[in-house]
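Enquirer: Dropping in protein01.txt, with compact mmCIF, C-alpha atoms.
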```txt
# COMPACT_ATOMS: atom_id res chain seq x y z
CA MET A 9 30.03 92.57 22.79
CA PRO A 10 30.09 90.78 19.41
CA VAL A 11 31.48 87.27 19.21
CA THR A 12 34.56 86.95 17.07
CA SER A 13 35.09 84.24 14.49
CA GLU A 14 37.87 82.72 16.56
CA GLU A 15 35.55 82.36 19.55
CA ARG A 16 32.90 80.72 17.34
CA VAL A 17 35.48 78.27 16.00
CA GLN A 18 36.67 77.54 19.53
CA ALA A 19 33.09 76.97 20.70
CA ARG A 20 32.46 74.56 17.80
CA ASN A 21 35.68 72.74 18.56
CA ASP A 22 34.74 72.44 22.24
CA LEU A 23 31.30 71.12 21.30
CA ALA A 24 32.80 68.60 18.88
CA TRP A 25 35.30 67.50 21.52
CA SER A 26 32.53 67.08 24.12
CA ILE A 27 30.44 65.03 21.68
CA ALA A 28 33.43 62.86 20.78
CA VAL A 29 34.36 62.25 24.42
CA GLY A 30 30.74 61.52 25.31
CA GLY A 31 30.42 59.09 22.40
CA ILE A 32 33.62 57.29 23.36
CA GLY A 33 32.40 57.09 26.96
CA VAL A 34 29.06 55.58 25.87
CA VAL A 35 30.80 53.04 23.63
CA LEU A 36 33.22 52.07 26.39
CA PHE A 37 30.36 51.71 28.87
CA ILE A 38 28.40 49.48 26.46
CA ALA A 39 31.54 47.44 25.80
CA PHE A 40 32.03 47.05 29.55
CA LEU A 41 28.43 45.83 29.96
CA VAL A 42 28.85 43.31 27.14
CA LEU A 43 32.15 42.12 28.59
CA ALA A 44 30.61 41.81 32.06
CA TRP A 45 27.68 39.84 30.61
CA TYR A 46 29.78 37.29 28.74
CA PHE A 47 32.46 36.92 31.41
CA ALA A 48 30.27 37.39 34.49
CA ALA A 49 31.18 33.98 35.94
CA THR A 50 34.90 34.79 35.69
CA PHE A 51 34.45 38.20 37.30
CA PHE A 52 32.39 36.73 40.13
CA LEU A 53 35.02 34.02 40.61
CA ILE A 54 37.75 36.65 40.96
CA PHE A 55 35.56 38.68 43.31
CA ALA A 56 34.95 35.59 45.46
CA GLY A 57 38.72 35.12 45.69
CA MET A 58 39.10 38.75 46.75
CA LEU A 59 36.46 38.26 49.45
CA LEU A 60 38.30 35.19 50.73
CA GLY A 61 41.50 37.22 50.85
CA VAL A 62 39.73 40.00 52.78
CA ALA A 63 38.30 37.44 55.22
CA LEU A 64 41.71 35.85 55.82
CA ASN A 65 43.25 39.28 56.28
CA ALA A 66 40.51 40.23 58.75
CA MET A 67 41.05 37.08 60.82
CA THR A 68 44.80 37.70 60.69
CA GLY A 69 44.21 41.21 61.99
CA LEU A 70 42.06 39.91 64.85
CA LEU A 71 44.79 37.43 65.74
CA GLY A 72 47.28 40.30 65.74
CA ARG A 73 45.37 41.94 68.60
CA VAL A 74 46.08 38.88 70.74
CA VAL A 75 49.46 37.71 69.46
CA PRO A 76 51.92 40.41 68.27
CA LEU A 77 53.52 38.42 65.47
CA PRO A 78 54.45 39.39 61.89
CA HIS A 79 51.66 39.28 59.32
CA PRO A 80 52.95 36.19 57.39
CA ILE A 81 53.20 34.12 60.58
CA ARG A 82 49.73 35.14 61.74
CA LEU A 83 48.30 34.33 58.28
CA ALA A 84 49.99 30.92 58.37
CA ILE A 85 48.45 30.23 61.79
CA VAL A 86 44.98 31.21 60.54
CA VAL A 87 45.26 29.09 57.39
CA LEU A 88 46.58 26.06 59.31
CA ALA A 89 43.79 26.40 61.89
CA LEU A 90 41.13 26.53 59.16
CA LEU A 91 42.75 23.61 57.35
CA ALA A 92 42.88 21.56 60.56
CA MET A 93 39.21 22.30 61.27
CA LEU A 94 38.16 21.36 57.73
CA SER A 95 40.29 18.20 57.80
CA GLY A 96 38.82 17.21 61.14
CA ILE A 97 35.28 17.61 59.81
CA VAL A 98 36.09 15.59 56.69
CA PHE A 99 38.07 12.76 58.29
CA LEU A 100 36.16 12.44 61.54
CA GLY A 101 32.69 12.99 60.16
CA GLY A 102 33.16 12.26 56.47
CA THR A 103 31.30 8.94 56.56
CA THR A 104 28.49 10.42 58.62
CA ILE A 105 28.21 13.41 56.30
CA ALA A 106 28.08 11.16 53.21
CA GLN A 107 25.42 8.91 54.75
CA GLN A 108 23.35 11.85 55.94
CA ALA A 109 23.64 13.54 52.56
CA THR A 110 22.29 10.40 50.84
CA VAL A 111 19.43 10.07 53.34
CA LEU A 112 18.66 13.78 53.02
CA SER A 113 18.61 13.62 49.21
CA ASN A 114 16.20 10.67 49.22
CA THR A 115 14.01 12.31 51.85
CA ILE A 116 13.79 15.60 49.93
CA LYS A 117 12.88 13.76 46.72
CA SER A 118 10.20 11.76 48.53
CA GLN A 119 8.71 14.83 50.19
CA LEU A 120 8.64 16.78 46.91
CA THR A 121 6.78 13.89 45.31
CA ASN A 122 4.29 13.86 48.22
CA VAL A 123 3.77 17.61 47.95
CA LYS A 124 3.12 17.32 44.22
CA ALA A 125 0.57 14.53 44.79
CA PHE A 126 -1.11 16.53 47.58
CA LEU A 127 -1.49 19.59 45.35
CA GLU A 128 -2.85 17.53 42.46
CA THR A 129 -5.44 16.00 44.82
CA TYR A 130 -6.92 19.45 45.38
CA GLY A 131 -6.87 20.37 41.69
CA VAL A 132 -3.68 22.44 41.61
CA ASP A 133 -1.88 22.26 38.27
CA THR A 134 1.67 20.99 38.88
CA SER A 135 2.60 20.15 35.31
CA PHE A 136 5.35 22.80 35.43
CA PHE A 137 6.90 20.94 38.40
CA ASP A 138 8.47 17.92 36.70
CA LEU A 139 9.50 15.17 39.11
CA SER A 140 9.55 12.34 36.61
CA SER A 141 13.27 11.80 37.14
CA PHE A 142 12.63 11.21 40.86
CA THR A 143 9.97 8.56 40.37
CA ALA A 144 10.93 6.91 37.07
CA ALA A 145 13.44 4.53 38.57
CA ALA A 146 11.14 3.50 41.41
CA GLN A 147 8.20 2.90 39.09
CA GLN A 148 10.33 0.95 36.65
CA HIS A 149 11.85 -1.33 39.28
CA GLY A 150 8.82 -1.45 41.56
CA ALA A 151 5.66 -1.64 39.48
CA ASP A 152 6.72 -2.92 36.11
CA ALA A 153 9.25 -5.55 37.11
CA PRO A 154 6.87 -8.06 38.84
CA ALA A 155 4.34 -7.91 36.00
CA GLN A 156 6.85 -8.85 33.34
CA ALA A 157 7.54 -12.48 32.59
CA PRO A 158 11.12 -13.67 32.62
CA ALA A 159 12.61 -12.98 29.25
CA THR A 160 14.78 -15.40 27.38
CA PRO A 161 18.44 -14.44 27.71
CA HIS A 162 19.89 -13.09 24.50
CA LEU A 163 22.92 -11.09 23.44
CA PRO A 164 22.30 -7.42 22.57
CA SER A 165 22.95 -6.28 19.06
CA ALA A 166 25.98 -4.23 18.07
CA SER A 167 23.86 -1.09 17.58
CA THR A 168 22.34 -1.46 21.06
CA ILE A 169 25.78 -1.86 22.60
CA ALA A 170 27.07 1.18 20.68
CA SER A 171 24.14 3.42 21.63
CA SER A 172 24.23 2.34 25.28
CA GLY A 173 27.98 2.83 25.44
CA GLY A 174 27.66 6.27 23.86
CA ALA A 175 24.97 7.30 26.37
CA ILE A 176 27.03 6.05 29.31
CA LEU A 177 30.14 7.82 28.05
CA GLY A 178 28.15 11.02 27.46
CA GLN A 179 26.71 11.05 30.98
CA THR A 180 30.08 10.16 32.49
CA PHE A 181 31.73 12.97 30.52
CA LYS A 182 29.13 15.49 31.75
CA VAL A 183 29.59 14.43 35.37
CA LEU A 184 33.37 14.52 34.98
CA ILE A 185 33.32 17.98 33.42
CA GLY A 186 31.00 19.28 36.15
CA THR A 187 33.19 17.84 38.89
CA VAL A 188 36.39 19.20 37.37
CA SER A 189 34.78 22.62 36.93
CA ALA A 190 33.57 22.75 40.55
CA VAL A 191 36.90 21.58 41.96
CA GLY A 192 38.78 23.94 39.65
CA ASN A 193 36.65 26.92 40.73
CA PHE A 194 37.26 26.02 44.37
CA PHE A 195 41.03 25.97 43.94
CA ILE A 196 40.96 29.18 41.88
CA VAL A 197 39.11 30.99 44.68
CA LEU A 198 41.45 29.44 47.26
CA PHE A 199 44.58 30.46 45.34
CA LEU A 200 43.33 34.01 44.75
CA GLY A 201 42.31 34.38 48.39
CA LEU A 202 45.72 33.25 49.63
CA ALA A 203 47.51 35.47 47.10
CA PHE A 204 45.50 38.54 48.13
CA ALA A 205 45.95 37.77 51.85
CA VAL A 206 49.72 37.22 51.66
CA GLN A 207 50.51 40.66 50.21
CA PRO A 208 47.43 42.90 50.55
CA SER A 209 49.48 46.08 50.35
CA VAL A 210 50.88 45.12 46.94
CA TYR A 211 47.41 44.83 45.38
CA ARG A 212 46.23 47.97 47.17
CA GLU A 213 49.16 49.95 45.74
CA GLY A 214 48.47 48.43 42.32
CA LEU A 215 44.87 49.68 42.37
CA LEU A 216 46.02 53.12 43.48
CA PHE A 217 48.67 53.20 40.73
CA MET A 218 45.96 52.74 38.07
CA ALA A 219 44.09 55.81 39.35
CA PRO A 220 45.01 59.20 37.85
CA ALA A 221 47.48 61.15 40.00
CA LYS A 222 45.04 64.00 40.71
CA HIS A 223 42.38 61.52 41.95
CA ARG A 224 44.75 59.22 43.85
CA ALA A 225 43.97 60.71 47.26
CA ARG A 226 40.25 60.18 46.72
CA ALA A 227 40.87 56.64 45.44
CA THR A 228 42.94 55.88 48.55
CA VAL A 229 40.08 56.90 50.83
CA ILE A 230 37.52 54.87 48.85
CA ILE A 231 39.67 51.70 48.69
CA ASP A 232 40.48 51.85 52.40
CA ARG A 233 36.82 52.34 53.30
CA ILE A 234 35.75 49.46 51.07
CA GLY A 235 38.36 47.17 52.62
CA PHE A 236 37.39 48.18 56.16
CA THR A 237 33.67 47.72 55.46
CA LEU A 238 34.12 44.29 53.85
CA GLU A 239 36.38 43.12 56.71
CA ARG A 240 33.81 44.08 59.35
CA TRP A 241 30.96 42.54 57.36
CA LEU A 242 32.80 39.26 56.71
CA ILE A 243 33.72 38.84 60.39
CA ALA A 244 30.10 39.48 61.35
CA GLN A 245 28.91 37.08 58.65
CA ILE A 246 31.23 34.30 59.85
CA ILE A 247 29.90 34.69 63.41
CA THR A 248 26.32 34.61 62.13
CA MET A 249 26.91 31.51 60.00
CA ALA A 250 28.55 29.67 62.92
CA ALA A 251 25.65 30.54 65.23
CA VAL A 252 23.03 29.41 62.69
CA PHE A 253 24.91 26.13 62.14
CA LEU A 254 25.18 25.33 65.87
CA VAL A 255 21.58 26.25 66.75
CA THR A 256 20.14 24.36 63.75
CA TRP A 257 22.29 21.25 64.32
CA LEU A 258 21.64 21.03 68.06
CA GLY A 259 17.94 21.83 67.66
CA LEU A 260 17.38 19.13 65.03
CA LEU A 261 19.45 16.71 67.09
CA ILE A 262 17.20 17.30 70.10
CA ILE A 263 14.07 16.92 67.97
CA GLY A 264 15.44 13.65 66.62
CA ILE A 265 15.64 14.53 62.92
CA PRO A 266 17.97 12.34 60.82
CA SER A 267 20.75 14.13 58.93
CA SER A 268 20.79 16.91 61.55
CA PHE A 269 24.51 17.60 61.05
CA ILE A 270 24.35 18.02 57.27
CA LEU A 271 21.18 20.11 57.64
CA GLY A 272 23.02 22.35 60.10
CA ILE A 273 25.92 22.73 57.66
CA GLN A 274 23.64 23.73 54.79
CA ALA A 275 21.73 26.17 57.00
CA GLY A 276 25.00 27.78 58.08
CA LEU A 277 26.31 28.04 54.53
CA LEU A 278 23.03 29.45 53.20
CA ALA A 279 23.11 32.08 55.95
CA PHE A 280 25.79 33.77 53.84
CA ILE A 281 22.99 34.79 51.46
CA PRO A 282 20.72 37.26 53.31
CA THR A 283 16.94 36.73 53.24
CA VAL A 284 16.84 34.24 50.35
CA GLY A 285 19.34 31.88 51.97
CA ALA A 286 17.42 31.76 55.25
CA ILE A 287 14.15 30.98 53.46
CA LEU A 288 15.74 28.28 51.31
CA GLY A 289 17.54 26.73 54.29
CA GLY A 290 14.33 26.67 56.34
CA LEU A 291 12.40 25.08 53.47
CA ILE A 292 14.98 22.29 53.17
CA VAL A 293 14.94 21.68 56.93
CA VAL A 294 11.12 21.46 57.07
CA LEU A 295 10.91 19.18 54.00
CA ALA A 296 13.56 16.85 55.43
CA SER A 297 11.82 16.77 58.81
CA LEU A 298 8.43 15.84 57.35
CA GLY A 299 9.84 12.37 56.63
CA SER A 300 9.82 11.78 60.41
CA GLY A 301 6.17 12.78 60.81
CA TRP A 302 4.04 15.90 61.13
CA VAL A 303 5.11 16.51 64.72
CA ALA A 304 8.78 16.53 63.70
CA GLY A 305 7.97 18.77 60.74
CA LEU A 306 6.09 21.23 62.96
CA SER A 307 8.93 21.20 65.50
CA ALA A 308 11.46 21.87 62.73
CA PHE A 309 9.31 24.75 61.45
CA ILE A 310 9.23 26.29 64.95
CA LEU A 311 13.00 25.81 65.14
CA PHE A 312 13.38 27.57 61.78
CA LEU A 313 11.32 30.52 63.07
CA GLY A 314 13.52 30.64 66.17
CA VAL A 315 16.73 30.57 64.13
CA HIS A 316 15.34 33.24 61.82
CA ALA A 317 14.42 35.42 64.80
CA LEU A 318 17.88 34.88 66.28
CA GLU A 319 19.52 35.92 63.01
CA SER A 320 17.21 38.83 62.16
CA TYR A 321 16.45 40.39 65.53
CA ILE A 322 19.50 39.56 67.68
CA LEU A 323 22.61 38.85 65.60
CA THR A 324 21.88 41.30 62.78
CA PRO A 325 21.10 44.34 64.99
CA ILE A 326 24.05 43.63 67.30
CA ILE A 327 26.70 42.54 64.79
CA GLN A 328 25.65 43.22 61.21
CA ARG A 329 24.27 46.73 61.66
CA GLN A 330 27.64 47.82 62.99
CA ALA A 331 29.27 46.41 59.89
CA LEU A 332 26.83 47.37 57.14
CA ASP A 333 23.47 49.16 57.19
CA ILE A 334 21.39 48.52 54.06
CA PRO A 335 17.56 48.59 54.06
CA PRO A 336 16.17 45.03 53.69
CA ALA A 337 13.84 45.86 50.79
CA THR A 338 16.67 47.48 48.83
CA LEU A 339 18.95 44.51 49.45
CA PHE A 340 16.24 41.99 48.50
CA ALA A 341 15.44 43.84 45.25
CA PHE A 342 19.15 43.96 44.36
CA GLN A 343 19.49 40.24 45.15
CA ILE A 344 16.57 39.34 42.91
CA LEU A 345 17.95 41.49 40.09
CA LEU A 346 21.45 39.97 40.20
CA GLY A 347 20.02 36.48 40.77
CA VAL A 348 17.84 36.67 37.66
CA VAL A 349 20.61 38.16 35.52
CA PHE A 350 23.67 36.25 36.75
CA GLY A 351 22.26 33.21 38.57
CA ILE A 352 23.62 31.81 41.83
CA TRP A 353 26.79 33.93 41.68
CA GLY A 354 24.79 37.16 41.58
CA LEU A 355 22.49 35.98 44.37
CA ALA A 356 25.36 34.97 46.66
CA LEU A 357 27.55 38.03 46.09
CA ALA A 358 24.82 40.68 45.91
CA LEU A 359 25.42 42.02 49.43
CA PRO A 360 29.20 42.61 49.18
CA LEU A 361 28.73 44.21 45.75
CA MET A 362 26.06 46.48 47.20
CA ALA A 363 28.35 47.27 50.13
CA ILE A 364 31.01 48.49 47.70
CA ALA A 365 28.47 50.59 45.83
CA LYS A 366 27.16 52.06 49.10
CA VAL A 367 30.66 53.06 50.25
CA MET A 368 31.29 54.86 46.97
CA ILE A 369 27.90 56.60 46.99
CA ASP A 370 28.34 57.71 50.60
CA HIS A 371 31.80 59.08 49.78
CA PHE A 372 30.67 61.13 46.79
CA LYS A 373 27.57 62.35 48.66
CA ALA A 374 29.62 63.50 51.63
CA GLU A 375 32.24 65.28 49.52
CA PRO A 376 30.05 68.22 48.35
CA GLU A 377 28.78 68.67 51.93
CA GLN A 378 32.36 68.86 53.19
CA LEU A 379 33.21 71.41 50.49
CA GLU A 380 30.19 73.54 51.45
CA THR A 381 31.16 73.36 55.15
CA THR A 382 34.75 74.34 54.33
CA THR A 383 33.59 77.27 52.19
CA ALA A 384 31.22 78.51 54.86
```
So that I can check it, write out the structure of this file as structure tokens.
Expert:
Amino acid sequence: MPVTSEERVQARNDLAWSIAVGGIGVVLFIAFLVLAWYFAATFFLIFAGMLLGVALNAMTGLLGRVVPLPHPIRLAIVVLALLAMLSGIVFLGGTTIAQQATVLSNTIKSQLTNVKAFLETYGVDTSFFDLSSFTAAAQQHGADAPAQAPATPHLPSASTIASSGGAILGQTFKVLIGTVSAVGNFFIVLFLGLAFAVQPSVYREGLLFMAPAKHRARATVIIDRIGFTLERWLIAQIITMAAVFLVTWLGLLIIGIPSSFILGIQAGLLAFIPTVGAILGGLIVVLASLGSGWVAGLSAFILFLGVHALESYILTPIIQRQALDIPPATLFAFQILLGVVFGIWGLALALPLMAIAKVMIDHFKAEPEQLETTTA
């Protein structure tokens, strides 16, 4: 049957429309990538606030199984309990934490210097590992000061005073900006988390409202599954972090390692980052323990292996696998990718982002199978 001119025109119009839509889609996707690249820190900050809101909502839900109270009251109880715990740690152990943090910082610097010297003794090139800032002050005050003769007191020139004042002001400004940025990010995450936890249904309905009407049912299923998966994973992660903190703190306390409490805190916090966090936390523990001797360092290394075994072979199979099942190699590769591209934010939030992607992939994979089963 010959093709009419109208059909040929319609076919050309359909092709032109497909090309135009495809081109617009490619441009929008590239624009989204550029936007995500330049504003990645802001997006990760918002996502961290959402995770905090999900965690608070999950703890509020657990409390609801014990105490049948309205959601706002249960949320207030959870927030006040967390605030009381944090305040107790700060006020009761604030001085100890500050002292242990100072001792730990000096110990880590000393051990890194010793490791660098040990490697150089055996001919290993460590020029890429610059520790001059760690040793400059000690060398200046320790080695050079006794050899110098007392200088005659004199007033510095105006240019010296100006340059020194400018340097001091510059360093002070950098420290001030860094502190304000860190504190500001903390309060932004806290505010977003509380806002999401107070009215979770409002934000859920807002996300569903942005979806097209014909896809709203599918979007509802995906959003609910993502929320359920993140809630289970965050509860499991909180339990894991608490267990790692307690075992590390008590183990180092028994061994007799200084700064055991602050080392336990950092090990618990780094447990939030799978694989990489455990390795980094163990490295810090072993380096800090070497300052007390090789026996203490070896004991801390054995403790690290025990904590790692507890996390990987007991807590993860029992708790985490029920919350989220992602192959370790896949997760590690995704962590490295996001860590290289986006830094610490990408490394820390790689697992929840991958959890969201996995929920969506599983949903769209299962949908054709369900259609085939229904048709059959």
Enquirer: Using all atoms listed in the file, which protein or nucleic acid residues come within 8 Å of Trp353 (chain A)? Drop anything in the same chain fewer than 3 positions from it, and give the result as a PDB file with C-alpha atoms, keeping the file's coordinate frame.
Expert:
```pdb
ATOM      1  CA  ALA A  49      31.180  33.980  35.940  1.00  0.00           C
ATOM      2  CA  PHE A  52      32.390  36.730  40.130  1.00  0.00           C
ATOM      3  CA  GLY A 347      20.020  36.480  40.770  1.00  0.00           C
ATOM      4  CA  PHE A 350      23.670  36.250  36.750  1.00  0.00           C
ATOM      5  CA  ALA A 356      25.360  34.970  46.660  1.00  0.00           C
ATOM      6  CA  LEU A 357      27.550  38.030  46.090  1.00  0.00           C
TER       7      LEU A 357
END
```
Enquirer: For a quick check of understanding, using all atoms listed in the file, which of A:Glu14, A:Leu91, A:Ile32, A:Ile231 has the smallest distance to His371 (chain A)?
Expert: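 Between A:Glu14, A:Leu91, A:Ile32, A:Ile231, the residue approaching His371 (chain A) most closely is A:Ile231.
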Enquirer: Neighbouring residues of region 204-208 of chain A were defined as those with any atom within 7 Å, considering only C-alpha atoms; residues of the same chain fewer than 5 positions away were excluded. Please report them as a list in words.
Expert: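 After dropping sequence-adjacent residues, the list is Met58, Gly61, Val62, Leu64, Asn65 and Pro80 of chain A.
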Enquirer: When you draw a straight line from CA of Thr338 (chain A) to CA of Ile369 (chain A), how long is it in Å?
Expert: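 Distance reported for this atom pair: 14.6 Å.
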Enquirer: Could you please determine the separation between CA of Leu71 (chain A) and CA of Val86 (chain A) in Å, to one decimal place?
Expert: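 About the pair CA of Leu71 (chain A) and CA of Val86 (chain A): they are 8.1 Å apart.
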Enquirer: Go through A:Lys222, A:Lys366, A:Lys124, A:His316 and flag the residue nearest Leu238 (chain A), using all atoms listed in the file for the distances.
Expert: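 The shortest atom-to-atom distance to Leu238 (chain A) comes from A:Lys366.
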Enquirer: Taking only C-alpha atoms into account, name the residue in A:Asp370, A:Asp22, A:Glu319, A:Glu239 that is nearest to Gly69 (chain A).
Expert: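 The shortest atom-to-atom distance to Gly69 (chain A) comes from A:Glu239.
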Enquirer: One number please: CA of Ile273 (chain A) to CA of Trp257 (chain A), in Å, one decimal.
Expert: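 Atom-to-atom, CA of Ile273 (chain A) and CA of Trp257 (chain A) are spaced 7.7 Å apart.
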Enquirer: With all atoms listed in the file as the basis for distance, which of A:Val255, A:Ala250, A:Ala244, A:Ala358 is at the shortest distance from Val284 (chain A)?
Expert: A:Ala358
Enquirer: Which of these residues is nearest to Ile234 (chain A), using all atoms listed in the file: A:Leu361, A:Leu288, A:Ala125, A:His79?
Expert: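 Result for the nearest residue to Ile234 (chain A): A:Leu361.
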